[in-house]
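**Student:** I am attaching a structure below and will ask some questions about it afterwards.
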Amino acid sequence: MEEYAPNDTDELTTDGAMQLIDPSLPQLLTILPLSQRPIFPGTALPMTFSGSDKLLAIRIAVEQHDGFIGAVLQREADSDDYRESDYYEVGTVYQILKVMPMGNDALQVLGRTVRRFRLQRVVQTEPSLRWRVQYDVQPTAKPDPELKAYMLAISSDIKSLLALNPLFQEQVNMVVTQLNYEKPGQTIDVISNLVSSEKEKLQELLETWDISERAKKLLEIIKDELQVAKIQSRINKQIEEGVNAKQKEYFLREQLSAIRRELGEEQDESDSIKERILGMLKGKELPEQVREVFDREMNKLQSLNTQSPEFNVTRTYLETLAGLPWGIFNQDTNDIAEARRILDEDHYGLVDVKDNILEFLATIIKRASVAGSIICLVGPPGVGKTSIGQSIARALGRKFYRFSVGGMRDEAEIKGHRRTYIGALPGKLIQALDRSKTSNPVILIDEIDKLGSGQGDPASALLEVLDPEQNETFVDHYLDVPFDLSNVLFLTTANQLDTIPGPLLDRMEVIRLSGYIKEEKIKIAQQYLIPKQLKEHGFAADEVTFTDGALNFLVDRYAREAGVRNLEKQLRKIIRKLVLKQAESDQHTFEVTAELVEEMLGRPRFTTEKLYDKPLPGVVLGLAYTSLGGATLYIEARGVPAENGGFRLTGQLGDVMKESAQIALSYVRSILPPDRADYFDKHQVHLHVPAGATPKDGPSAGITMALSLYTLATDQAPIDNLAMTGELTLTGRVLPIGGVKEKTIGARRVGITTLIFPEDNRQDFEDLDDYIKEGITAHFARTFNEVLAIAI
C-alpha cells in the first residue's frame, strides 16, 4: 500500500516561482498503482511501496528507464496481483530521485511529479506493467481575464481553507505565496495536491486537460471543502466552549467549597456523604462478611474524587447496602383466632383453602420460623389469590410486597445486575426488602406460571430463592454479599401448574382455589363487591339495593366464569349508570331488579350451555378443567353413509385428545351389537368438539367420546341432564382424572345434576363440601360397560 503527502521539497527556481521539470519524457512507462487518491504534476513528494512485485518494477525503472514511472489510481484493486487491477486511463509521470529501503518487501522513494498522461495501449504485463502513453501539452499563451478571475478566487478560498485547517500550514503557506499566476496550469496542479476530496472527484480533475474547465472544477472542490471546514470549526468551537464552561464551574465550586471549609460553614462533601451512610446503619446488625465489604467500600469512597464517575457508583452501592433492613424484623402475631377472623372477613367461602393456610400459619407461629413454608396458590383468574396473600400478611402482622413475574425474560430482574453495568440495580427481592424495611415480609410472586425465557433463565434463578436450604445465603449480583431470605414468607400464584418447571414446582406447597358456584358468588356480591362499589361511587349503603332475582340473573347470565372479577366489572357498570341517572333526575334511591340489569347491560352473554332440548344419539356432554376453572364441553358425532367408511376429527384437538378419540373408536367397534357391527365400515364418521377456536387436549374425554360414538352407531340417546369425565383404555377400563372439584362446580354452574366419574375418583368427590355436592347425583364406573349401564 502506497502513501504520499505534500512536502516542502518542491523544486523552486532562483526567482521563487514553481518550475515544472520537463525532460524528454519516455513514451513507455512502468505503471504503479495508487489506491487513496491521484497525484498531480508540479511537486516533490515521498511515496511508500510494498510487495516484491512492485519493488521489482521500481528497480527496473530506476536501472533502465531513468527512474520514470506512471502513478495511476486504481478503479478496483486486485489484492493478489496489482497488474490485474482495474485502472483509470489518466495518470501522472513520477521521476524517482532517491530510494530508501524500509525492511522486508517495503521501501520509500522520493521523487517529483512531472506531467499528466493518458493510456494509449498496454504493451507489457510481465515482469512489470508497461503502458504506451500520450502526454498533455501545457498552453504557452497568457491566461485570459476569465481564467485570471478563477485563479484569484482559488487563491482567496485556499487561504481561507488553510486558516481553518492549520495542518501543514507553514509549508503550505510558503507554497501558496510563491505560486506563479502567469502559469495557471502549474498553479492549479500544485493546489490540487493540497486539497482533500473524494478520490473520484480528484481523478476527474486530473483527467480535465482544458485549463479553464480544470480551474472551474478545482474552485468547486475548494468551496465544498471550505464549507465542511467551517462546519467542523463551528462544532469544535462549541465543544471547547462547553468544556471550558464545565472546567470553570468545577474550579469555582472547588474554590467555594474551600472558602466555606475555611470559615467552618461546611464539611467536605465526601465526609457528609459518609456521615449520612453511617446514619442509615444505626440500629442495624451487619453480618461479619457484609461489614468487611462495607468498610472496604467506605475506605474506597474516601479516597475517590467526588467528581469521579466511580465515586457515584460506589456511593450508590453503599447507600443500597446500608438501606437494607439488616437484623430488623416485624413481630409475628401469635393469635390464630385473629388470623381466622381476618381471612373470613376478607374472603367468603374457600373453607378448605383457609384451613390449609391456618395450618401453615400455626406451624410458623409455633416454631417461630417460616423455613420450608413456600405456598403456591393455584386457581382460575379472579378467585382471590392475590388478596389472600394480603390477608396472610395482615394475619401475621407482617409487611406485604407483591411483584409479578408474568412475561419476565431476564434473570437479572430476580438476581440483579453486576455493578459494572451502567444503571445497575439490585433484583426484585432486594428491592422488596429495601421498600418493606423489614427482613421478614410476606413477598408474593405473582403469575409464576407465565415466566418467560430470554436473557438467561429467570425460572432457574427462582430456584435458589424458593429453596429453604439455599435462600439463607442468597447472593444478589449487585450486592455481591449474602442476604438471609429464610425469614421471608414467600407466596406464589398461578392459573395452572402445567407451565411451571418441575424443579420449581417441587419447592412449593400447592393450595388450589377451585372457583365459586353461583350461590357463593351471590353472597360475595352482597357482602363484599356491592358495598365496595357503592362506596367508590359515592352512594350510601341504603340508596341502592339489589334484589335476589337481580343478583341471580346477573351471575347466571353475565358472570358465569370461575372467579368474581367479571362480576365486579358488571356491578361497576350498573352502579355507574345509576350515578348518571341520579345526576339527570331527582331520584335518590334505586332498586335493581332483573329487568333493570338486562336494560343496563344489554343482551345476556350466556343463555345456557345446554344446546339441545332433548338428548340425541351421538351427542354427549363432557366435563373439562381449564385455566379458567371447570367447564362443560359437548362432544358431537355424526355419520354419513359411505362405501369404505372413515373417521374425521375437528375442534382444534391436541395430540393426546386425538389419541383418546382413536382409542374410543377402536373400543366401541369391538363392543357393538352384531346388527350394528358394520356401522363404521359403511359410514364416514365425523367427531367434533364445539368452540373450535379453543385448543383442547387431555385424556379425560375418553369415555365421553366413546359414548358419543356408541350412541351414534346404536341410534340410542343418552339420558337427560348427564355429564361425564374419565380416561378410557383400549380394553375398556376407566382411569382416574384430575380436577374433580372444579368439574363438579362447572356442572353445577350450568344446572347438570347427573355426573359419571371414574371409580378411583370416588373419594375425591366425597371429600367435597356438602354445599357443592348438594343436588348432584354422582355415579362411579370402573369399566365402559358400567358407563353404558348408567347413561343409556
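Going by the C-alpha cells order, chains are called A, B, ..., each with residues numbered from 1, while ligands are numbered from 1 in the order shown.
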Using backbone DSSP assignments, extract all alpha helix (DSSP H) residues from segment 24-89 of chain A; output them as a list in words.
**Tutor:** Ser52, Asp53, Lys54, Leu55, Leu56, Ala57, Ile58, Arg59, Ile60, Ala61, Val62, Glu63 and Gln64 of chain A
**Student:** Could the residues in this selection be written to a file with N, CA and C atoms, as a compact mmCIF listing (two decimals), in the first residue's frame?
**Tutor:**
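Listing of out-v9.txt after writing:
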# COMPACT_ATOMS: atom_id res chain seq x y z
N SER A 52 6.93 -7.60 -3.28
CA SER A 52 8.11 -7.91 -4.10
C SER A 52 7.89 -7.56 -5.57
N ASP A 53 6.64 -7.71 -6.09
CA ASP A 53 6.39 -7.41 -7.50
C ASP A 53 6.54 -5.91 -7.78
N LYS A 54 6.09 -5.07 -6.83
CA LYS A 54 6.23 -3.62 -7.04
C LYS A 54 7.68 -3.19 -6.87
N LEU A 55 8.40 -3.79 -5.92
CA LEU A 55 9.81 -3.44 -5.72
C LEU A 55 10.64 -3.80 -6.95
N LEU A 56 10.30 -4.94 -7.62
CA LEU A 56 11.00 -5.33 -8.85
C LEU A 56 10.76 -4.31 -9.95
N ALA A 57 9.48 -3.84 -10.06
CA ALA A 57 9.16 -2.84 -11.09
C ALA A 57 9.93 -1.53 -10.84
N ILE A 58 10.06 -1.13 -9.58
CA ILE A 58 10.80 0.11 -9.25
C ILE A 58 12.28 -0.06 -9.59
N ARG A 59 12.86 -1.22 -9.27
CA ARG A 59 14.28 -1.43 -9.56
C ARG A 59 14.55 -1.38 -11.06
N ILE A 60 13.66 -1.99 -11.85
CA ILE A 60 13.84 -1.95 -13.31
C ILE A 60 13.73 -0.51 -13.82
N ALA A 61 12.73 0.25 -13.29
CA ALA A 61 12.54 1.64 -13.73
C ALA A 61 13.76 2.50 -13.41
N VAL A 62 14.32 2.29 -12.23
CA VAL A 62 15.48 3.09 -11.82
C VAL A 62 16.71 2.73 -12.65
N GLU A 63 16.92 1.43 -12.87
CA GLU A 63 18.13 0.96 -13.57
C GLU A 63 18.06 1.15 -15.08
N GLN A 64 16.86 1.05 -15.65
CA GLN A 64 16.76 1.02 -17.11
C GLN A 64 16.04 2.22 -17.71
**Student:** List the neighbours of segment 72-80 of chain A out to 7 Å using only C-alpha atoms; skip same-chain residues closer than 5 positions along the sequence, and give me the result as a list in words.
**Tutor:**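 The residues satisfying every condition are Ile31, Leu32, Pro33, Leu34, Ser35, Arg37, Pro38, Ser85, Asp86, Tyr87, Tyr88, Val90, Gly91 and Thr92 of chain A.
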**Student:** Taking into account only C-alpha atoms, which residue in the set A:Glu198, A:Glu643, A:Asp189, A:Asp332 is nearest to Arg214 of chain A?
**Tutor:**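 Result for the nearest residue to Arg214 of chain A: A:Asp189.
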**Student:** If you run DSSP on this backbone, which residues of segment 365-607 of chain A come out as strand (DSSP E), and could you give them as a PyMOL selection string?
**Tutor:** chain A and resi 374-378+400-404+442-446+474-475+482-483+489-494+509-512+544-546+590-592
**Student:** Just the residues within 8 Å of Gln120 of chain A, please, counting only C-alpha atoms, with nothing from its chain fewer than 5 positions along; format it as a PDB file with N, CA and C atoms, in the first residue's frame.
**Tutor:**
ATOM      1  N   TRP A 131       2.842   0.740 -20.079  1.00  0.00           N
ATOM      2  CA  TRP A 131       1.878   1.371 -20.980  1.00  0.00           C
ATOM      3  C   TRP A 131       2.606   2.250 -21.996  1.00  0.00           C
ATOM      4  N   ARG A 132       2.029   2.298 -23.217  1.00  0.00           N
ATOM      5  CA  ARG A 132       2.384   3.378 -24.134  1.00  0.00           C
ATOM      6  C   ARG A 132       1.430   4.529 -23.841  1.00  0.00           C
ATOM      7  N   VAL A 133       2.006   5.747 -23.684  1.00  0.00           N
ATOM      8  CA  VAL A 133       1.196   6.863 -23.178  1.00  0.00           C
ATOM      9  C   VAL A 133       1.307   8.072 -24.094  1.00  0.00           C
ATOM     10  N   GLN A 134       0.369   8.996 -23.894  1.00  0.00           N
ATOM     11  CA  GLN A 134       0.332  10.275 -24.602  1.00  0.00           C
ATOM     12  C   GLN A 134       0.278  11.387 -23.558  1.00  0.00           C
TER      13      GLN A 134
END
**Student:** With only C-alpha atoms as the counted atoms, please give the residues lying no more than 12 Å from segment 578-585 of chain A, apart from itself and same-chain residues fewer than 5 positions off, as a list in words.
**Tutor:** Gln533, Leu534, Lys535, Glu536, His537, Gly538, Phe539, Ala540, Glu543, Val544, Thr545, Leu571, Arg572, Lys573, Phe590, Glu591, Val592, Leu596, Val597, Glu599 and Met600 of chain A
**Student:** For the residues selected in the previous step, produce a file with N, CA, C and O atoms as a CSV table (one decimal), in the first residue's frame.
**Tutor:**
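Saved file out38.csv follows:
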chain,number,residue,atom,x,y,z
A,533,GLN,N,-68.3,-1.1,45.7
A,533,GLN,CA,-68.6,-0.3,44.6
A,533,GLN,C,-69.5,0.9,44.9
A,533,GLN,O,-69.3,2.0,44.4
A,534,LEU,N,-70.5,0.7,45.9
A,534,LEU,CA,-71.3,1.9,46.3
A,534,LEU,C,-70.4,2.9,47.0
A,534,LEU,O,-70.6,4.1,46.7
A,535,LYS,N,-69.5,2.5,47.8
A,535,LYS,CA,-68.6,3.5,48.4
A,535,LYS,C,-67.7,4.2,47.4
A,535,LYS,O,-67.5,5.4,47.5
A,536,GLU,N,-67.2,3.5,46.4
A,536,GLU,CA,-66.3,4.1,45.4
A,536,GLU,C,-67.1,5.1,44.6
A,536,GLU,O,-66.5,6.1,44.1
A,537,HIS,N,-68.4,4.9,44.4
A,537,HIS,CA,-69.2,5.8,43.5
A,537,HIS,C,-70.0,6.8,44.3
A,537,HIS,O,-70.8,7.5,43.7
A,538,GLY,N,-69.8,6.9,45.6
A,538,GLY,CA,-70.4,7.9,46.4
A,538,GLY,C,-71.8,7.7,46.8
A,538,GLY,O,-72.5,8.6,47.3
A,539,PHE,N,-72.3,6.4,46.8
A,539,PHE,CA,-73.6,6.1,47.2
A,539,PHE,C,-73.6,5.7,48.7
A,539,PHE,O,-72.7,5.0,49.1
A,540,ALA,N,-74.6,6.0,49.4
A,540,ALA,CA,-74.8,5.5,50.7
A,540,ALA,C,-75.3,4.0,50.6
A,540,ALA,O,-75.9,3.7,49.6
A,543,GLU,N,-79.0,3.6,49.6
A,543,GLU,CA,-79.5,4.3,48.4
A,543,GLU,C,-79.7,3.3,47.2
A,543,GLU,O,-80.5,3.6,46.3
A,544,VAL,N,-79.0,2.2,47.2
A,544,VAL,CA,-79.1,1.3,46.1
A,544,VAL,C,-79.2,-0.1,46.7
A,544,VAL,O,-78.4,-0.5,47.6
A,545,THR,N,-80.3,-0.8,46.3
A,545,THR,CA,-80.5,-2.2,46.7
A,545,THR,C,-80.6,-3.1,45.5
A,545,THR,O,-81.2,-2.7,44.5
A,571,LEU,N,-71.1,-5.2,38.0
A,571,LEU,CA,-71.7,-4.3,39.1
A,571,LEU,C,-71.2,-2.9,39.0
A,571,LEU,O,-72.0,-2.0,39.2
A,572,ARG,N,-69.9,-2.7,38.7
A,572,ARG,CA,-69.4,-1.3,38.5
A,572,ARG,C,-70.1,-0.6,37.4
A,572,ARG,O,-70.5,0.6,37.5
A,573,LYS,N,-70.4,-1.4,36.3
A,573,LYS,CA,-71.1,-0.8,35.1
A,573,LYS,C,-72.5,-0.3,35.5
A,573,LYS,O,-73.0,0.7,35.1
A,590,PHE,N,-82.6,3.6,44.5
A,590,PHE,CA,-82.8,2.8,43.4
A,590,PHE,C,-82.9,1.3,43.9
A,590,PHE,O,-82.2,0.9,44.8
A,591,GLU,N,-83.8,0.6,43.2
A,591,GLU,CA,-83.9,-0.9,43.4
A,591,GLU,C,-83.5,-1.6,42.1
A,591,GLU,O,-84.2,-1.3,41.1
A,592,VAL,N,-82.5,-2.4,42.1
A,592,VAL,CA,-82.0,-3.0,40.9
A,592,VAL,C,-82.7,-4.4,40.8
A,592,VAL,O,-82.5,-5.2,41.7
A,596,LEU,N,-84.1,-4.5,35.2
A,596,LEU,CA,-83.2,-3.4,35.1
A,596,LEU,C,-81.7,-3.8,34.8
A,596,LEU,O,-81.0,-3.1,34.0
A,597,VAL,N,-81.3,-4.9,35.3
A,597,VAL,CA,-80.0,-5.5,34.9
A,597,VAL,C,-79.9,-5.7,33.4
A,597,VAL,O,-78.9,-5.3,32.8
A,599,GLU,N,-81.7,-4.3,31.1
A,599,GLU,CA,-81.8,-3.0,30.4
A,599,GLU,C,-80.5,-2.3,30.4
A,599,GLU,O,-80.1,-1.6,29.4
A,600,MET,N,-79.7,-2.4,31.5
A,600,MET,CA,-78.5,-1.6,31.6
A,600,MET,C,-77.3,-2.4,31.0
A,600,MET,O,-76.4,-1.7,30.4
**Student:** Neighbours of Pro617 of chain A within 12 Å (only C-alpha atoms; same-chain residues fewer than 3 positions away dropped), as a list of chain:residue names?
**Tutor:**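 Within the cut-off, the hits are A:Tyr612, A:Lys614, A:Val620, A:Leu621, A:Ile635, A:Glu636, A:Ala637, A:Arg638, A:Gly639, A:Leu707, A:Ser708, A:Leu709, A:Tyr710, A:Thr711, A:Leu712, A:Ala713, A:Thr714, A:Asp715, A:Gln716, A:Ala717, A:Pro718, A:Ile719, A:Asp720, A:Ala791, A:Ile792.
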**Student:** Given the selection you just returned, output its residues as a file containing N, CA, C and O atoms, formatted as an mmCIF file, in the first residue's frame.
**Tutor:**
data_model
loop_
_atom_site.group_PDB
_atom_site.id
_atom_site.type_symbol
_atom_site.label_atom_id
_atom_site.label_comp_id
_atom_site.auth_asym_id
_atom_site.auth_seq_id
_atom_site.Cartn_x
_atom_site.Cartn_y
_atom_site.Cartn_z
ATOM 1 N N TYR A 612 -79.150 -28.494 23.476
ATOM 2 C CA TYR A 612 -80.204 -29.361 22.950
ATOM 3 C C TYR A 612 -81.322 -29.496 23.983
ATOM 4 O O TYR A 612 -81.083 -29.686 25.185
ATOM 5 N N LYS A 614 -83.540 -31.899 24.080
ATOM 6 C CA LYS A 614 -83.667 -33.296 24.492
ATOM 7 C C LYS A 614 -82.434 -34.065 24.019
ATOM 8 O O LYS A 614 -81.754 -33.644 23.073
ATOM 9 N N VAL A 620 -73.019 -36.039 23.508
ATOM 10 C CA VAL A 620 -72.791 -36.303 24.933
ATOM 11 C C VAL A 620 -72.077 -35.106 25.540
ATOM 12 O O VAL A 620 -71.184 -34.522 24.900
ATOM 13 N N LEU A 621 -72.437 -34.745 26.768
ATOM 14 C CA LEU A 621 -71.822 -33.611 27.460
ATOM 15 C C LEU A 621 -70.695 -34.113 28.356
ATOM 16 O O LEU A 621 -70.885 -35.014 29.175
ATOM 17 N N ILE A 635 -69.581 -33.093 23.040
ATOM 18 C CA ILE A 635 -68.908 -33.873 22.002
ATOM 19 C C ILE A 635 -69.990 -34.423 21.086
ATOM 20 O O ILE A 635 -70.947 -35.081 21.546
ATOM 21 N N GLU A 636 -69.852 -34.127 19.784
ATOM 22 C CA GLU A 636 -70.882 -34.473 18.808
ATOM 23 C C GLU A 636 -70.307 -35.429 17.768
ATOM 24 O O GLU A 636 -69.174 -35.238 17.303
ATOM 25 N N ALA A 637 -71.082 -36.417 17.387
ATOM 26 C CA ALA A 637 -70.677 -37.366 16.342
ATOM 27 C C ALA A 637 -71.829 -37.520 15.347
ATOM 28 O O ALA A 637 -72.994 -37.588 15.731
ATOM 29 N N ARG A 638 -71.467 -37.536 14.079
ATOM 30 C CA ARG A 638 -72.447 -37.749 13.012
ATOM 31 C C ARG A 638 -71.848 -38.697 11.971
ATOM 32 O O ARG A 638 -70.647 -38.662 11.709
ATOM 33 N N GLY A 639 -72.729 -39.501 11.367
ATOM 34 C CA GLY A 639 -72.276 -40.429 10.350
ATOM 35 C C GLY A 639 -72.963 -40.183 9.025
ATOM 36 O O GLY A 639 -74.172 -39.908 8.983
ATOM 37 N N LEU A 707 -68.882 -42.849 24.398
ATOM 38 C CA LEU A 707 -70.339 -42.883 24.498
ATOM 39 C C LEU A 707 -70.981 -42.182 23.304
ATOM 40 O O LEU A 707 -72.012 -42.630 22.792
ATOM 41 N N SER A 708 -70.350 -41.091 22.844
ATOM 42 C CA SER A 708 -70.879 -40.391 21.675
ATOM 43 C C SER A 708 -70.871 -41.308 20.454
ATOM 44 O O SER A 708 -71.868 -41.394 19.708
ATOM 45 N N LEU A 709 -69.766 -42.031 20.222
ATOM 46 C CA LEU A 709 -69.675 -42.939 19.074
ATOM 47 C C LEU A 709 -70.616 -44.125 19.240
ATOM 48 O O LEU A 709 -71.236 -44.593 18.269
ATOM 49 N N TYR A 710 -70.750 -44.635 20.478
ATOM 50 C CA TYR A 710 -71.618 -45.802 20.705
ATOM 51 C C TYR A 710 -73.081 -45.444 20.467
ATOM 52 O O TYR A 710 -73.821 -46.186 19.806
ATOM 53 N N THR A 711 -73.512 -44.312 21.018
ATOM 54 C CA THR A 711 -74.923 -43.922 20.826
ATOM 55 C C THR A 711 -75.207 -43.594 19.372
ATOM 56 O O THR A 711 -76.319 -43.809 18.886
ATOM 57 N N LEU A 712 -74.204 -43.084 18.647
ATOM 58 C CA LEU A 712 -74.390 -42.818 17.219
ATOM 59 C C LEU A 712 -74.594 -44.124 16.457
ATOM 60 O O LEU A 712 -75.511 -44.257 15.638
ATOM 61 N N ALA A 713 -73.712 -45.106 16.744
ATOM 62 C CA ALA A 713 -73.776 -46.365 15.999
ATOM 63 C C ALA A 713 -75.035 -47.166 16.344
ATOM 64 O O ALA A 713 -75.596 -47.857 15.484
ATOM 65 N N THR A 714 -75.489 -47.070 17.605
ATOM 66 C CA THR A 714 -76.657 -47.861 18.015
ATOM 67 C C THR A 714 -77.957 -47.066 17.942
ATOM 68 O O THR A 714 -79.028 -47.616 18.229
ATOM 69 N N ASP A 715 -77.848 -45.794 17.572
ATOM 70 C CA ASP A 715 -79.019 -44.923 17.445
ATOM 71 C C ASP A 715 -79.813 -44.859 18.749
ATOM 72 O O ASP A 715 -81.037 -44.928 18.757
ATOM 73 N N GLN A 716 -79.092 -44.735 19.863
ATOM 74 C CA GLN A 716 -79.719 -44.598 21.170
ATOM 75 C C GLN A 716 -79.288 -43.268 21.786
ATOM 76 O O GLN A 716 -78.125 -42.899 21.703
ATOM 77 N N ALA A 717 -80.194 -42.576 22.424
ATOM 78 C CA ALA A 717 -79.856 -41.298 23.067
ATOM 79 C C ALA A 717 -79.497 -41.540 24.524
ATOM 80 O O ALA A 717 -80.104 -42.389 25.183
ATOM 81 N N PRO A 718 -78.500 -40.817 25.063
ATOM 82 C CA PRO A 718 -78.196 -40.939 26.495
ATOM 83 C C PRO A 718 -79.303 -40.289 27.327
ATOM 84 O O PRO A 718 -80.160 -39.572 26.799
ATOM 85 N N ILE A 719 -79.260 -40.553 28.617
ATOM 86 C CA ILE A 719 -80.277 -39.959 29.491
ATOM 87 C C ILE A 719 -80.093 -38.447 29.551
ATOM 88 O O ILE A 719 -79.021 -37.921 29.249
ATOM 89 N N ASP A 720 -81.138 -37.749 29.964
ATOM 90 C CA ASP A 720 -81.101 -36.281 30.009
ATOM 91 C C ASP A 720 -80.310 -35.795 31.229
ATOM 92 O O ASP A 720 -80.176 -36.503 32.229
ATOM 93 N N ALA A 791 -75.705 -44.543 31.516
ATOM 94 C CA ALA A 791 -76.008 -43.470 30.564
ATOM 95 C C ALA A 791 -77.149 -43.806 29.618
ATOM 96 O O ALA A 791 -77.814 -42.890 29.102
ATOM 97 N N ILE A 792 -77.440 -45.075 29.343
ATOM 98 C CA ILE A 792 -78.460 -45.418 28.342
ATOM 99 C C ILE A 792 -79.580 -46.196 29.007
ATOM 100 O O ILE A 792 -79.328 -47.214 29.649
#
**Student:** Need to verify the contact set: Glu207 of chain A, 12 Å, only C-alpha atoms, exclusion of same-chain residues closer than 2 positions in sequence. Can you return it as a VMD selection string?
**Tutor:** chain A and resid 38 to 40 72 to 73 88 to 92 115 to 119 135 to 136 189 200 to 205 209 to 211 213 to 214 217
**Student:** Could you dump the residues just selected with C-alpha atoms as a compact mmCIF listing (two decimals), in the first residue's frame?
**Tutor:**
# COMPACT_ATOMS: atom_id res chain seq x y z
CA PRO A 38 -4.35 10.57 -7.65
CA ILE A 39 -1.28 12.85 -7.62
CA PHE A 40 -0.85 15.99 -9.73
CA VAL A 72 -2.21 5.71 -11.78
CA LEU A 73 -5.26 5.50 -9.47
CA TYR A 88 -8.20 4.81 -14.69
CA GLU A 89 -6.69 5.81 -18.06
CA VAL A 90 -5.12 9.11 -16.91
CA GLY A 91 -2.16 9.27 -14.51
CA THR A 92 0.93 11.31 -13.65
CA ARG A 115 3.20 15.67 -16.21
CA ARG A 116 -0.19 14.01 -16.70
CA PHE A 117 -0.56 11.36 -19.38
CA ARG A 118 -3.25 9.23 -21.00
CA LEU A 119 -3.13 5.49 -21.83
CA TYR A 135 1.23 13.47 -22.70
CA ASP A 136 -0.78 16.67 -22.38
CA ASP A 189 -1.89 21.32 -10.19
CA GLU A 200 -13.27 10.17 -7.87
CA LYS A 201 -13.59 13.99 -7.92
CA LEU A 202 -9.80 14.42 -7.83
CA GLN A 203 -9.36 11.89 -10.64
CA GLU A 204 -11.95 13.79 -12.71
CA LEU A 205 -9.88 16.95 -12.08
CA TRP A 209 -6.92 18.82 -19.79
CA ASP A 210 -8.65 22.11 -20.59
CA ILE A 211 -7.21 24.74 -18.19
CA GLU A 213 -12.57 23.82 -17.12
CA ARG A 214 -9.95 22.49 -14.70
CA LYS A 217 -13.75 22.18 -11.08
**Student:** Given only C-alpha atoms as the basis, pick out the residue of A:Thr187, A:Thr386, A:Asn330, A:Ser369 nearest to Ser486 of chain A.
**Tutor:** A:Ser369
